[in-house]
>>> print(open('query-v4.txt').read())   # compact mmCIF, C-alpha atoms
# COMPACT_ATOMS: atom_id res chain seq x y z
CA MET A 17 14.49 78.09 166.60
CA ILE A 18 13.54 79.49 169.97
CA ALA A 19 10.31 80.95 168.57
CA ARG A 20 9.14 77.60 167.25
CA ALA A 21 10.10 75.87 170.47
CA GLY A 22 8.16 78.52 172.39
CA LEU A 23 5.08 77.97 170.25
CA VAL A 24 5.26 74.21 170.78
CA LEU A 25 5.69 74.70 174.55
CA LEU A 26 2.77 77.13 174.60
CA GLY A 27 0.56 74.59 172.87
CA LEU A 28 1.50 71.89 175.35
CA LEU A 29 0.85 74.14 178.36
CA ALA A 30 -2.53 75.25 177.04
CA GLY A 31 -3.74 71.66 177.36
CA GLY A 32 -3.43 71.89 181.17
CA CYS A 33 -5.31 75.17 181.56
CA THR A 34 -8.49 75.43 183.61
CA LEU A 35 -11.67 75.73 181.59
CA TYR A 36 -14.56 78.07 182.42
CA HIS A 37 -17.92 76.58 183.40
CA SER A 38 -20.96 78.72 184.07
CA GLU A 39 -22.89 78.05 187.29
CA PRO A 40 -26.26 79.71 188.04
CA LEU A 41 -26.55 81.78 191.21
CA ALA A 42 -29.86 80.24 192.33
CA GLY A 43 -28.59 76.71 192.26
CA ARG A 44 -28.20 73.84 194.70
CA ARG A 45 -26.33 75.95 197.26
CA THR A 46 -29.21 78.41 197.58
CA ALA A 47 -31.72 75.58 197.89
CA ARG A 48 -29.68 73.97 200.68
CA VAL A 49 -29.70 77.20 202.69
CA LEU A 50 -33.47 77.59 202.39
CA ASP A 51 -34.21 73.95 203.18
CA ALA A 52 -34.25 72.61 206.73
CA PRO A 53 -30.92 70.93 207.59
CA ASP A 54 -30.85 67.16 207.60
CA ARG A 55 -30.77 66.20 211.26
CA THR A 56 -28.95 62.90 210.77
CA ALA A 57 -26.16 64.59 208.83
CA LEU A 58 -26.14 67.40 211.39
CA ALA A 59 -25.60 64.93 214.24
CA GLU A 60 -22.67 63.38 212.35
CA ARG A 61 -21.07 66.77 211.76
CA ALA A 62 -21.55 67.77 215.40
CA ALA A 63 -19.82 64.59 216.58
CA ALA A 64 -16.87 65.32 214.27
CA LEU A 65 -16.65 69.07 215.05
CA ARG A 66 -13.13 70.49 215.25
CA HIS A 67 -13.00 73.93 216.81
CA PRO A 68 -10.47 75.56 219.15
CA LEU A 69 -13.14 76.52 221.71
CA LEU A 70 -16.13 74.24 221.03
CA PRO A 71 -15.80 70.49 221.67
CA PRO A 72 -17.68 67.92 219.56
CA ILE A 73 -21.03 66.92 220.95
CA GLU A 74 -23.56 64.11 220.58
CA LEU A 75 -26.87 65.50 219.29
CA ASP A 76 -30.07 63.65 220.16
CA PHE A 77 -33.10 65.26 218.53
CA SER A 78 -35.45 62.82 220.28
CA ARG A 79 -35.16 64.87 223.48
CA PRO A 80 -35.16 68.60 224.25
CA LEU A 81 -31.92 70.27 223.22
CA THR A 82 -29.64 71.96 225.72
CA ALA A 83 -28.08 75.38 225.25
CA ASP A 84 -24.69 73.78 224.52
CA GLU A 85 -26.23 71.64 221.77
CA ILE A 86 -27.96 74.69 220.30
CA ALA A 87 -24.61 76.51 220.25
CA VAL A 88 -22.98 73.74 218.19
CA ILE A 89 -25.94 73.58 215.80
CA ALA A 90 -25.64 77.32 215.21
CA VAL A 91 -21.96 76.97 214.27
CA LEU A 92 -22.77 74.25 211.74
CA THR A 93 -25.93 75.67 210.16
CA ASN A 94 -25.93 79.46 210.50
CA PRO A 95 -26.12 80.82 206.91
CA ASP A 96 -23.84 83.78 207.67
CA LEU A 97 -21.15 81.46 209.01
CA VAL A 98 -21.51 79.16 206.00
CA ALA A 99 -20.91 82.17 203.75
CA LEU A 100 -18.02 83.35 205.92
CA ARG A 101 -16.31 79.96 205.79
CA ALA A 102 -16.39 80.14 201.99
CA ARG A 103 -13.83 82.96 202.29
CA GLN A 104 -11.31 80.42 203.60
CA ALA A 105 -11.19 78.81 200.17
CA VAL A 106 -10.22 82.20 198.72
CA ALA A 107 -7.44 82.61 201.32
CA ARG A 108 -6.12 79.11 200.62
CA ALA A 109 -6.08 79.91 196.90
CA GLN A 110 -4.11 83.08 197.64
CA VAL A 111 -1.53 81.07 199.60
CA PHE A 112 -1.31 78.65 196.68
CA GLY A 113 -0.83 81.52 194.24
CA ALA A 114 1.82 83.17 196.40
CA GLY A 115 3.91 80.01 196.31
CA LEU A 116 4.00 79.78 192.52
CA LEU A 117 7.04 80.95 190.58
CA PRO A 118 6.43 83.63 187.95
CA ASP A 119 6.33 82.45 184.36
CA ALA A 120 9.21 83.18 182.05
CA GLN A 121 8.62 85.59 179.18
CA ILE A 122 9.31 84.64 175.57
CA SER A 123 9.67 87.30 172.88
CA ALA A 124 10.09 86.93 169.13
CA THR A 125 10.29 89.43 166.26
CA ARG A 126 10.76 89.18 162.46
CA GLU A 127 11.76 92.10 160.25
CA HIS A 128 11.42 91.77 156.47
CA VAL A 129 13.60 93.87 154.17
CA VAL A 130 11.37 96.36 152.36
CA SER A 131 14.02 98.51 150.66
CA PRO A 132 16.32 98.12 148.91
CA ARG A 133 15.19 94.90 147.27
CA ASP A 134 17.35 92.19 145.72
CA GLN A 135 20.55 93.37 147.41
CA GLY A 136 21.33 90.09 149.13
CA TYR A 137 19.75 91.02 152.42
CA SER A 138 17.79 88.47 154.43
CA THR A 139 14.95 88.73 156.91
CA ALA A 140 16.09 89.79 160.39
CA SER A 141 14.72 88.04 163.47
CA SER A 142 15.21 87.95 167.21
CA GLU A 143 14.06 85.63 169.97
CA GLY A 144 14.51 85.87 173.70
CA VAL A 145 13.63 84.28 177.04
CA SER A 146 13.64 86.36 180.26
CA LEU A 147 12.79 85.87 183.93
CA ASP A 148 12.08 88.42 186.68
CA VAL A 149 14.68 87.27 189.18
CA LEU A 150 13.64 89.68 191.96
CA GLY A 151 10.03 88.58 191.80
CA ALA A 152 10.97 84.93 191.46
CA LEU A 153 13.55 84.69 194.22
CA ALA A 154 13.96 87.72 196.45
CA THR A 155 10.34 88.44 197.37
CA ARG A 156 8.64 85.06 196.84
CA SER A 157 9.14 83.89 200.43
CA LEU A 158 7.84 87.18 201.83
CA LEU A 159 4.82 87.09 199.55
CA ARG A 160 4.04 83.57 200.67
CA GLU A 161 4.57 84.46 204.34
CA ALA A 162 2.16 87.39 204.03
CA ALA A 163 -0.45 85.21 202.31
CA MET A 164 -0.15 82.48 204.95
CA ALA A 165 -0.46 85.00 207.79
CA THR A 166 -3.53 86.50 206.12
CA ALA A 167 -5.07 83.04 205.76
CA ASP A 168 -4.32 82.24 209.41
CA ALA A 169 -5.82 85.55 210.50
CA LEU A 170 -8.96 84.83 208.48
CA ARG A 171 -9.21 81.32 209.93
CA LEU A 172 -8.96 82.66 213.48
CA ASP A 173 -11.39 85.47 212.75
CA ILE A 174 -13.93 82.98 211.39
CA ALA A 175 -13.43 80.78 214.46
CA TRP A 176 -14.10 83.85 216.62
CA GLN A 177 -17.25 84.65 214.66
CA GLU A 178 -18.33 81.03 215.17
CA TRP A 179 -17.67 81.38 218.90
CA THR A 180 -19.71 84.58 219.18
CA THR A 181 -22.53 83.13 217.08
CA ALA A 182 -22.54 80.06 219.29
CA GLY A 183 -22.74 82.37 222.30
CA GLU A 184 -25.65 84.28 220.79
CA ALA A 185 -27.49 81.03 220.07
CA ARG A 186 -26.77 79.80 223.58
CA LEU A 187 -28.09 83.08 224.99
CA LEU A 188 -31.35 82.77 223.02
CA ALA A 189 -31.73 79.13 224.03
CA LEU A 190 -31.11 80.19 227.62
CA ARG A 191 -33.55 83.11 227.41
CA LEU A 192 -36.49 81.11 226.05
CA PRO A 193 -37.16 78.99 229.19
CA TYR A 194 -36.99 82.07 231.41
CA GLN A 195 -39.40 83.90 229.12
CA GLN A 196 -41.71 80.89 229.16
CA GLN A 197 -41.77 80.99 232.95
CA ALA A 198 -42.36 84.74 232.87
CA LEU A 199 -45.27 84.26 230.46
CA GLU A 200 -46.89 81.65 232.73
CA LEU A 201 -46.57 83.96 235.74
CA SER A 202 -47.90 86.90 233.70
CA ARG A 203 -50.93 84.83 232.77
CA ALA A 204 -51.44 83.94 236.43
CA ALA A 205 -51.24 87.62 237.39
CA GLU A 206 -53.74 88.47 234.64
CA GLU A 207 -56.11 85.80 235.94
CA ILE A 208 -55.88 87.20 239.50
CA THR A 209 -56.59 90.77 238.39
CA ASP A 210 -59.42 89.70 236.07
CA GLN A 211 -61.10 87.77 238.90
CA ALA A 212 -60.65 90.76 241.23
CA LEU A 213 -62.20 93.08 238.63
CA THR A 214 -65.13 90.71 238.09
CA ARG A 215 -65.86 90.58 241.81
CA ALA A 216 -65.51 94.35 242.09
CA LEU A 217 -67.97 94.92 239.27
CA GLY A 218 -70.42 92.57 240.97
CA LEU A 219 -70.11 94.45 244.27
CA ALA A 220 -70.46 97.80 242.51
CA ALA A 221 -73.87 96.75 241.27
CA THR A 222 -75.04 96.48 244.91
CA ALA A 223 -73.14 99.62 246.03
CA ASP A 224 -70.87 97.58 248.34
CA ILE A 225 -67.69 99.04 246.83
CA LYS A 226 -66.62 102.55 245.88
CA ALA A 227 -66.18 103.60 242.27
CA ASP A 228 -62.50 104.48 242.72
CA GLU A 229 -61.83 100.96 244.01
CA VAL A 230 -63.48 99.51 240.92
CA GLU A 231 -61.35 101.75 238.75
CA ALA A 232 -58.20 100.63 240.59
CA ARG A 233 -59.15 96.99 239.87
CA ARG A 234 -59.73 97.88 236.22
CA LEU A 235 -56.34 99.57 235.89
CA GLY A 236 -54.67 96.60 237.57
CA ALA A 237 -56.33 94.21 235.11
CA MET A 238 -55.28 96.35 232.14
CA ASP A 239 -51.70 96.49 233.40
CA ALA A 240 -51.58 92.70 233.87
CA ARG A 241 -53.07 92.16 230.40
CA SER A 242 -50.46 94.45 228.85
CA ARG A 243 -47.65 92.68 230.71
CA ARG A 244 -48.90 89.30 229.49
CA ALA A 245 -49.05 90.57 225.88
CA THR A 246 -45.51 91.91 226.19
CA ALA A 247 -44.30 88.56 227.54
CA GLU A 248 -45.92 86.72 224.61
CA ARG A 249 -44.36 89.11 222.10
CA GLU A 250 -40.88 88.79 223.63
CA LEU A 251 -41.13 84.99 223.69
CA GLU A 252 -42.16 84.85 220.03
CA THR A 253 -39.40 87.28 219.04
CA THR A 254 -36.77 85.16 220.79
CA ARG A 255 -38.08 81.97 219.15
CA LEU A 256 -37.95 83.53 215.68
CA ASP A 257 -34.47 84.94 216.31
CA LEU A 258 -33.23 81.52 217.39
CA ASN A 259 -34.67 79.82 214.29
CA ARG A 260 -33.05 82.45 212.08
CA LEU A 261 -29.71 82.02 213.80
CA LEU A 262 -29.88 78.24 213.38
CA GLY A 263 -30.85 78.48 209.72
CA LEU A 264 -34.31 76.99 210.36
CA ALA A 265 -37.60 77.98 208.80
CA PRO A 266 -39.61 80.41 210.99
CA THR A 267 -42.32 77.81 211.59
CA GLU A 268 -40.03 74.88 212.42
CA PRO A 269 -40.54 73.77 216.04
CA LEU A 270 -37.60 73.25 218.36
CA ALA A 271 -37.84 71.61 221.77
CA LEU A 272 -35.50 73.12 224.36
CA ALA A 273 -34.43 71.80 227.74
CA PRO A 274 -35.14 73.91 230.85
CA ALA A 275 -32.59 76.51 231.84
CA PRO A 276 -29.93 75.04 234.16
CA ALA A 277 -29.83 76.24 237.75
CA LEU A 278 -27.35 79.01 238.40
CA THR A 279 -24.27 77.98 240.34
CA PRO A 280 -23.30 80.04 243.40
CA TRP A 281 -21.67 83.30 242.39
CA ALA A 282 -18.14 84.10 243.47
CA THR A 283 -16.70 87.39 242.29
CA PRO A 284 -13.79 86.68 239.91
CA ASP A 285 -10.75 88.89 239.63
CA ALA A 286 -11.17 91.14 236.58
CA ALA A 287 -7.40 91.36 236.01
CA THR A 288 -7.12 87.56 235.95
CA LEU A 289 -9.98 87.31 233.48
CA PHE A 290 -8.39 89.97 231.27
CA ALA A 291 -5.13 88.02 231.24
CA ALA A 292 -7.11 84.91 230.25
CA ALA A 293 -8.80 86.89 227.48
CA ARG A 294 -5.43 87.94 226.06
CA ALA A 295 -4.41 84.29 225.99
CA HIS A 296 -7.64 82.78 224.66
CA ARG A 297 -9.55 85.29 222.52
CA LEU A 298 -9.34 84.24 218.90
CA ASP A 299 -10.02 87.73 217.57
CA LEU A 300 -6.86 88.96 219.30
CA LYS A 301 -4.90 86.07 217.80
CA ALA A 302 -6.37 86.96 214.39
CA LEU A 303 -5.14 90.53 214.78
CA GLU A 304 -1.69 89.23 215.75
CA GLU A 305 -1.57 87.10 212.59
CA GLY A 306 -2.75 90.04 210.50
CA TYR A 307 0.06 92.17 211.94
CA ARG A 308 2.60 89.43 211.16
CA GLY A 309 1.39 89.32 207.58
CA GLN A 310 1.64 93.09 207.28
CA GLU A 311 5.22 92.94 208.55
CA ALA A 312 6.05 90.61 205.67
CA THR A 313 4.21 92.87 203.23
CA LEU A 314 6.16 95.93 204.40
CA HIS A 315 9.43 93.99 204.14
CA ARG A 316 8.51 93.00 200.58
CA GLU A 317 7.69 96.58 199.60
CA ILE A 318 11.01 97.80 201.04
CA LEU A 319 12.84 95.26 198.89
CA GLY A 320 10.89 96.66 195.95
CA GLN A 321 12.77 99.97 196.23
CA TYR A 322 15.96 98.37 194.96
CA PRO A 323 16.69 97.92 191.24
CA ARG A 324 14.46 95.29 189.71
CA LEU A 325 16.61 92.68 187.99
CA THR A 326 15.45 90.75 184.95
CA ILE A 327 17.81 88.34 183.18
CA GLY A 328 17.41 86.42 179.96
CA ILE A 329 19.02 85.19 176.78
CA ASN A 330 18.55 86.61 173.28
CA ARG A 331 19.17 85.15 169.82
CA THR A 332 19.32 87.69 166.99
CA THR A 333 19.82 87.46 163.21
CA ASP A 334 20.32 90.71 161.28
CA THR A 335 19.60 91.39 157.61
CA SER A 336 23.09 90.28 156.59
CA SER A 337 22.48 86.84 158.17
CA VAL A 338 24.85 87.53 161.09
CA LEU A 339 23.73 85.38 164.02
CA THR A 340 24.29 86.59 167.60
CA LEU A 341 23.53 84.85 170.88
CA GLY A 342 24.01 86.29 174.35
CA PRO A 343 22.62 87.17 177.72
CA ALA A 344 20.34 90.11 178.47
CA VAL A 345 20.04 92.00 181.75
CA SER A 346 17.70 94.86 182.64
CA LEU A 347 17.55 96.97 185.79
CA ASP A 348 15.11 99.58 187.03
CA LEU A 349 16.79 102.86 187.93
CA PRO A 350 15.50 104.02 191.35
CA LEU A 351 15.75 107.71 190.62
CA TRP A 352 12.30 109.12 191.48
CA ASN A 353 9.77 106.45 192.45
CA ARG A 354 11.86 104.00 194.51
CA ASN A 355 8.60 102.24 195.49
CA ARG A 356 7.98 104.96 198.08
CA GLY A 357 4.21 104.94 197.58
CA PRO A 358 3.68 101.21 198.36
CA ILE A 359 6.17 101.47 201.26
CA ALA A 360 4.23 104.36 202.80
CA ILE A 361 0.93 102.50 202.38
CA ALA A 362 2.29 99.27 203.90
CA SER A 363 3.87 101.17 206.81
CA ALA A 364 0.63 103.04 207.53
CA GLU A 365 -1.32 99.78 207.37
CA ARG A 366 1.04 98.18 209.89
CA GLU A 367 0.56 101.14 212.23
CA ARG A 368 -3.22 100.87 211.81
CA LEU A 369 -3.16 97.20 212.78
CA ALA A 370 -1.03 97.93 215.85
CA VAL A 371 -3.42 100.67 217.00
CA GLU A 372 -6.44 98.46 216.34
CA TYR A 373 -4.90 95.65 218.40
CA ALA A 374 -4.26 98.02 221.32
CA ALA A 375 -7.80 99.39 221.06
CA ARG A 376 -9.26 95.87 221.10
CA LEU A 377 -7.24 95.05 224.22
CA PHE A 378 -8.45 98.22 225.91
CA GLN A 379 -12.08 97.47 225.04
CA THR A 380 -11.75 93.87 226.23
CA ARG A 381 -10.39 94.97 229.60
CA ALA A 382 -13.19 97.54 229.98
CA ASP A 383 -15.88 95.00 228.98
CA VAL A 384 -14.62 92.40 231.45
CA ALA A 385 -14.44 94.92 234.31
CA ALA A 386 -17.93 96.29 233.53
CA LEU A 387 -19.47 92.81 233.38
CA VAL A 388 -17.90 91.75 236.66
CA ALA A 389 -19.18 94.91 238.38
CA ALA A 390 -22.67 94.55 236.89
CA LEU A 391 -22.84 90.90 237.85
CA ASP A 392 -21.85 91.66 241.44
CA ARG A 393 -24.67 94.19 241.67
CA ASP A 394 -27.29 92.00 240.00
CA GLU A 395 -26.28 88.88 241.94
CA ARG A 396 -26.85 90.77 245.21
CA SER A 397 -30.29 91.82 243.99
CA ARG A 398 -31.06 88.25 242.98
CA MET A 399 -30.07 86.91 246.39
CA THR A 400 -32.33 89.50 248.04
CA LEU A 401 -35.26 88.36 245.90
CA ILE A 402 -34.51 84.71 246.70
CA GLU A 403 -34.85 85.56 250.38
CA ARG A 404 -38.06 87.59 249.93
CA VAL A 405 -40.08 85.32 247.63
CA PRO A 406 -40.66 82.30 249.96
CA PRO A 407 -42.27 84.36 252.78
CA LEU A 408 -44.57 86.06 250.26
CA VAL A 409 -45.56 82.69 248.76
CA ALA A 410 -46.26 81.34 252.24
CA LEU A 411 -48.34 84.44 253.05
CA ALA A 412 -50.31 84.05 249.81
CA GLN A 413 -51.05 80.39 250.62
CA ALA A 414 -52.11 81.24 254.18
CA SER A 415 -54.31 84.11 252.94
CA ALA A 416 -56.01 81.84 250.41
CA ALA A 417 -56.73 79.27 253.13
CA ALA A 418 -58.08 81.98 255.44
CA ALA A 419 -60.31 83.35 252.66
CA ARG A 420 -61.78 79.89 252.08
CA LEU A 421 -62.64 79.69 255.80
CA GLY A 422 -64.14 83.16 255.77
CA ASP A 423 -61.51 84.59 258.12
CA LEU A 424 -60.17 86.97 255.45
CA THR A 425 -61.75 88.81 252.56
CA GLN A 426 -61.04 87.49 249.08
CA ALA A 427 -59.78 90.93 248.07
CA LEU A 428 -56.96 90.79 250.64
CA ALA A 429 -56.15 87.22 249.62
CA ASP A 430 -55.89 88.39 245.99
CA VAL A 431 -53.52 91.18 247.03
CA ALA A 432 -51.25 88.68 248.76
CA ARG A 433 -51.35 86.27 245.83
CA LEU A 434 -50.65 89.04 243.31
CA ALA A 435 -47.74 90.35 245.40
CA ALA A 436 -46.18 86.88 245.49
CA THR A 437 -46.64 86.47 241.73
CA GLU A 438 -45.04 89.82 240.99
CA ARG A 439 -42.04 89.03 243.18
CA LYS A 440 -41.68 85.72 241.33
CA LEU A 441 -41.66 87.66 238.07
CA GLU A 442 -38.94 89.92 239.44
CA LEU A 443 -36.92 86.89 240.50
CA ILE A 444 -37.27 85.28 237.05
CA ALA A 445 -36.13 88.53 235.42
CA ALA A 446 -33.17 88.78 237.81
CA GLU A 447 -32.13 85.17 237.15
CA GLN A 448 -32.41 85.70 233.41
CA SER A 449 -30.31 88.86 233.62
CA CYS A 450 -27.62 87.17 235.70
CA ALA A 451 -27.55 84.11 233.44
CA GLU A 452 -27.18 86.26 230.34
CA GLN A 453 -24.46 88.40 231.91
CA ARG A 454 -22.52 85.33 233.02
CA LEU A 455 -22.65 84.11 229.45
CA ALA A 456 -21.59 87.56 228.20
CA LEU A 457 -18.59 87.40 230.54
CA ARG A 458 -17.62 84.01 229.15
CA LEU A 459 -17.82 85.44 225.64
CA ALA A 460 -15.76 88.48 226.61
CA VAL A 461 -13.04 86.22 228.03
CA GLY A 462 -13.18 83.96 224.99
CA ALA A 463 -13.14 80.67 226.89
CA PRO A 464 -15.58 78.82 229.19
CA LEU A 465 -13.79 79.74 232.42
CA LEU A 466 -16.77 80.18 234.72
CA GLY A 467 -17.86 76.56 235.07
CA ASP A 468 -20.95 74.82 233.73
CA GLY A 469 -23.53 76.96 235.52
CA VAL A 470 -24.20 79.29 232.57
>>> encode(input="query-v4.txt", output="structure tokens")
Amino acid sequence: MIARAGLVLLGLLAGGCTLYHSEPLAGRRTARVLDAPDRTALAERAAALRHPLLPPIELDFSRPLTADEIAVIAVLTNPDLVALRARQAVARAQVFGAGLLPDAQISATREHVVSPRDQGYSTASSEGVSLDVLGALATRSLLREAAMATADALRLDIAWQEWTTAGEARLLALRLPYQQQALELSRAAEEITDQALTRALGLAATADIKADEVEARRLGAMDARSRRATAERELETTRLDLNRLLGLAPTEPLALAPAPALTPWATPDAATLFAAARAHRLDLKALEEGYRGQEATLHREILGQYPRLTIGINRTTDTSSVLTLGPAVSLDLPLWNRNRGPIAIASAERERLAVEYAARLFQTRADVAALVAALDRDERSRMTLIERVPPLVALAQASAAAARLGDLTQALADVARLAATERKLELIAAEQSCAEQRLALRLAVGAPLLGDGV
């Protein structure tokens, strides 16, 4: 009998089913995130890195790390990226599920004669096997195409998130050396103003200096002290942010190489960079894949408006022991629903993706143009400071030598030295700003098109 055969088949299939196993949330995975990454294993993973925009790299923790090395470490160890990559397993499982054929349905009934009794009637029974042909054949390829496009879109989106995280880590690694230089210069300025205040207080005791001049020295010392404290706070904030981004403990030390020298700036063509962004940006490619998947989804929903065909075979025995065997076919009648709701949703979702893609293109073009314009302005300011700093440094050195010989008062020598220090601070800030904006432009384009000089 079909029913018995179905029960035997069901028992055989149950042996291949997946079993449930409980796994605690605070297990080994959580401990690995909180622990410091193993540097030997990290170096091996960095050398075997496969990424569309980041090449593999040789990590050497025995020397200070460059910004490029920090970027790769961030991709491998950032906890948010580790969690994001876990979503790829879900997408792969969805592709696997979309490729499976639907299971056939087995039905069986038995009807015992209750009344009248002892009239020669027998127990009636029926068995049947059916398969949803539309789901199994007509829409399977579209379902799989949509799942594959969704998985590709997720893969590209994760790669883009890795790229942007690498850029953020590179920016922090680039910022730290500049902030260290700024802190050293701030401490030098504080030392100059403190010495000037000490001398002014000594002269005030003998009435050789006016009270307002002493107060000016005091205000200058307070301003320098505040600037030094701000520089220390910014440096510590950047260090903690970098450790967090790399998945390191807040107290774990990290030696960084000095910031590379900026290459000469040549204004790029914003239109050319925008064209490069359209070709290279992984987030745009992810949106394209998402749109392709939605096209397949809409196609599948449109096919769902047609009658749904299910075929099968039935075996029936009635109460008079008459045995019948024959095919069974069922069709949905598209009178009212006609799958219009899912079609409208899928169509609106496709339109949303198209609008989102256009908006992302518009924003990318605006970002590239704004960064190019800002860099042009800031690079001109930086070049002006480069020209002005050396004469001020030379004047400060000459003033210090004259003060030692008694040809110039120490107060005027301090003014010259402080002016040179402040211009150096301005130059460091300008170089940091230009370096960060160059990196931001590279990120906006989505590919390292501006050379190695940051």
>>> atom_distance(input="query-v4.txt", atom1="CA of Val91 (chain A)", atom2="CA of Glu178 (chain A)")
5.5 Å
>>> closest_atom_pairs(input="query-v4.txt", of="region 316-389 of chain A", to="region 296-306 of chain A", cutoff="8 Å", atoms="all atoms listed in the file", output="JSON lines")
{"residue": "A:Leu369", "atom": "CA", "partner": "A:Leu303", "partner_atom": "CA", "distance": 7.2}
{"residue": "A:Tyr373", "atom": "CA", "partner": "A:Leu303", "partner_atom": "CA", "distance": 6.3}
{"residue": "A:Arg376", "atom": "CA", "partner": "A:Leu300", "partner_atom": "CA", "distance": 7.5}
{"residue": "A:Leu377", "atom": "CA", "partner": "A:Leu300", "partner_atom": "CA", "distance": 7.8}
>>> closest_residue(input="query-v4.txt", among="A:Ala175, A:Leu391, A:Ala240, A:Val145", to="Pro343 (chain A)", atoms="all atoms listed in the file")
A:Val145
>>> atom_distance(input="query-v4.txt", atom1="CA of Thr326 (chain A)", atom2="CA of Ala165 (chain A)")
28.4 Å
>>> closest_residue(input="query-v4.txt", among="A:Leu81, A:Thr333, A:Ala287, A:Ala99", to="Ser141 (chain A)", atoms="only C-alpha atoms")
A:Thr333
>>> residues_around(input="query-v4.txt", residues="Ala446 (chain A)", least_positions_apart="3", cutoff="6 Å", atoms="all atoms listed in the file", output="ChimeraX atom specification")
/A:398,443,449
>>> residues_near_point(input="query-v4.txt", point="(-52.2, 87.2, 247.9)", cutoff="10 Å", atoms="only C-alpha atoms", output="short mmCIF file (atom, residue, chain, number, x, y, z; two decimals) with C-alpha atoms, in the coordinates of the input")
data_model
loop_
_atom_site.label_atom_id
_atom_site.label_comp_id
_atom_site.auth_asym_id
_atom_site.auth_seq_id
_atom_site.Cartn_x
_atom_site.Cartn_y
_atom_site.Cartn_z
CA ILE A 208 -55.88 87.20 239.50
CA LEU A 408 -44.57 86.06 250.26
CA VAL A 409 -45.56 82.69 248.76
CA ALA A 410 -46.26 81.34 252.24
CA LEU A 411 -48.34 84.44 253.05
CA ALA A 412 -50.31 84.05 249.81
CA GLN A 413 -51.05 80.39 250.62
CA ALA A 414 -52.11 81.24 254.18
CA SER A 415 -54.31 84.11 252.94
CA ALA A 416 -56.01 81.84 250.41
CA GLN A 426 -61.04 87.49 249.08
CA ALA A 427 -59.78 90.93 248.07
CA LEU A 428 -56.96 90.79 250.64
CA ALA A 429 -56.15 87.22 249.62
CA ASP A 430 -55.89 88.39 245.99
CA VAL A 431 -53.52 91.18 247.03
CA ALA A 432 -51.25 88.68 248.76
CA ARG A 433 -51.35 86.27 245.83
CA LEU A 434 -50.65 89.04 243.31
CA ALA A 435 -47.74 90.35 245.40
CA ALA A 436 -46.18 86.88 245.49
CA THR A 437 -46.64 86.47 241.73
#
>>> atom_distance(input="query-v4.txt", atom1="CA of Ala109 (chain A)", atom2="CA of His315 (chain A)")
22.2 Å
>>> residues_around(input="query-v4.txt", residues="region 203-206 of chain A", least_positions_apart="4", cutoff="10 Å", atoms="all atoms listed in the file", output="list in words")
Gln197, Ala198, Leu199, Asp210, Gln211, Ala212, Gly236, Ala237, Met238, Asp239, Ala240, Arg241, Ser242, Arg243, Arg244, Ala245, Ala247, Glu248, Asp430, Arg433, Leu434, Ala435, Ala436, Thr437, Glu438 and Leu441 of chain A
>>> closest_residue(input="query-v4.txt", among="A:Arg186, A:Pro193, A:Thr380, A:Ala370", to="Glu452 (chain A)", atoms="all atoms listed in the file")
A:Arg186
>>> residues_around(input="query-v4.txt", residues="Ala344 (chain A)", least_positions_apart="6", cutoff="12 Å", atoms="all atoms listed in the file", output="tab-separated table (two decimals) with C-alpha atoms, in the frame of the given file")
chain	number	residue	atom	x	y	z
A	143	GLU	CA	14.06	85.63	169.97
A	144	GLY	CA	14.51	85.87	173.70
A	145	VAL	CA	13.63	84.28	177.04
A	146	SER	CA	13.64	86.36	180.26
A	147	LEU	CA	12.79	85.87	183.93
A	148	ASP	CA	12.08	88.42	186.68
A	325	LEU	CA	16.61	92.68	187.99
A	326	THR	CA	15.45	90.75	184.95
A	327	ILE	CA	17.81	88.34	183.18
A	328	GLY	CA	17.41	86.42	179.96
A	329	ILE	CA	19.02	85.19	176.78
A	330	ASN	CA	18.55	86.61	173.28
A	331	ARG	CA	19.17	85.15	169.82
A	332	THR	CA	19.32	87.69	166.99
>>> residues_near_point(input="query-v4.txt", point="(-16.7, 85.5, 236.7)", cutoff="8 Å", atoms="only C-alpha atoms", output="number ranges by chain")
A: 281-286, 289, 388, 454, 457-458, 465-466
>>> closest_residue(input="query-v4.txt", among="A:Leu339, A:Leu459, A:Gly422, A:Pro274", to="Arg79 (chain A)", atoms="only C-alpha atoms")
A:Pro274
>>> residues_around(input="query-v4.txt", residues="Glu85 (chain A)", least_positions_apart="2", cutoff="10 Å", atoms="only C-alpha atoms", output="PyMOL selection string")
chain A and resi 62+72-77+80-83+87-90+182+185-186+189+272
>>> closest_residue(input="query-v4.txt", among="A:Thr209, A:Ala295, A:Ala221, A:Ser78", to="Arg233 (chain A)", atoms="all atoms listed in the file")
A:Thr209
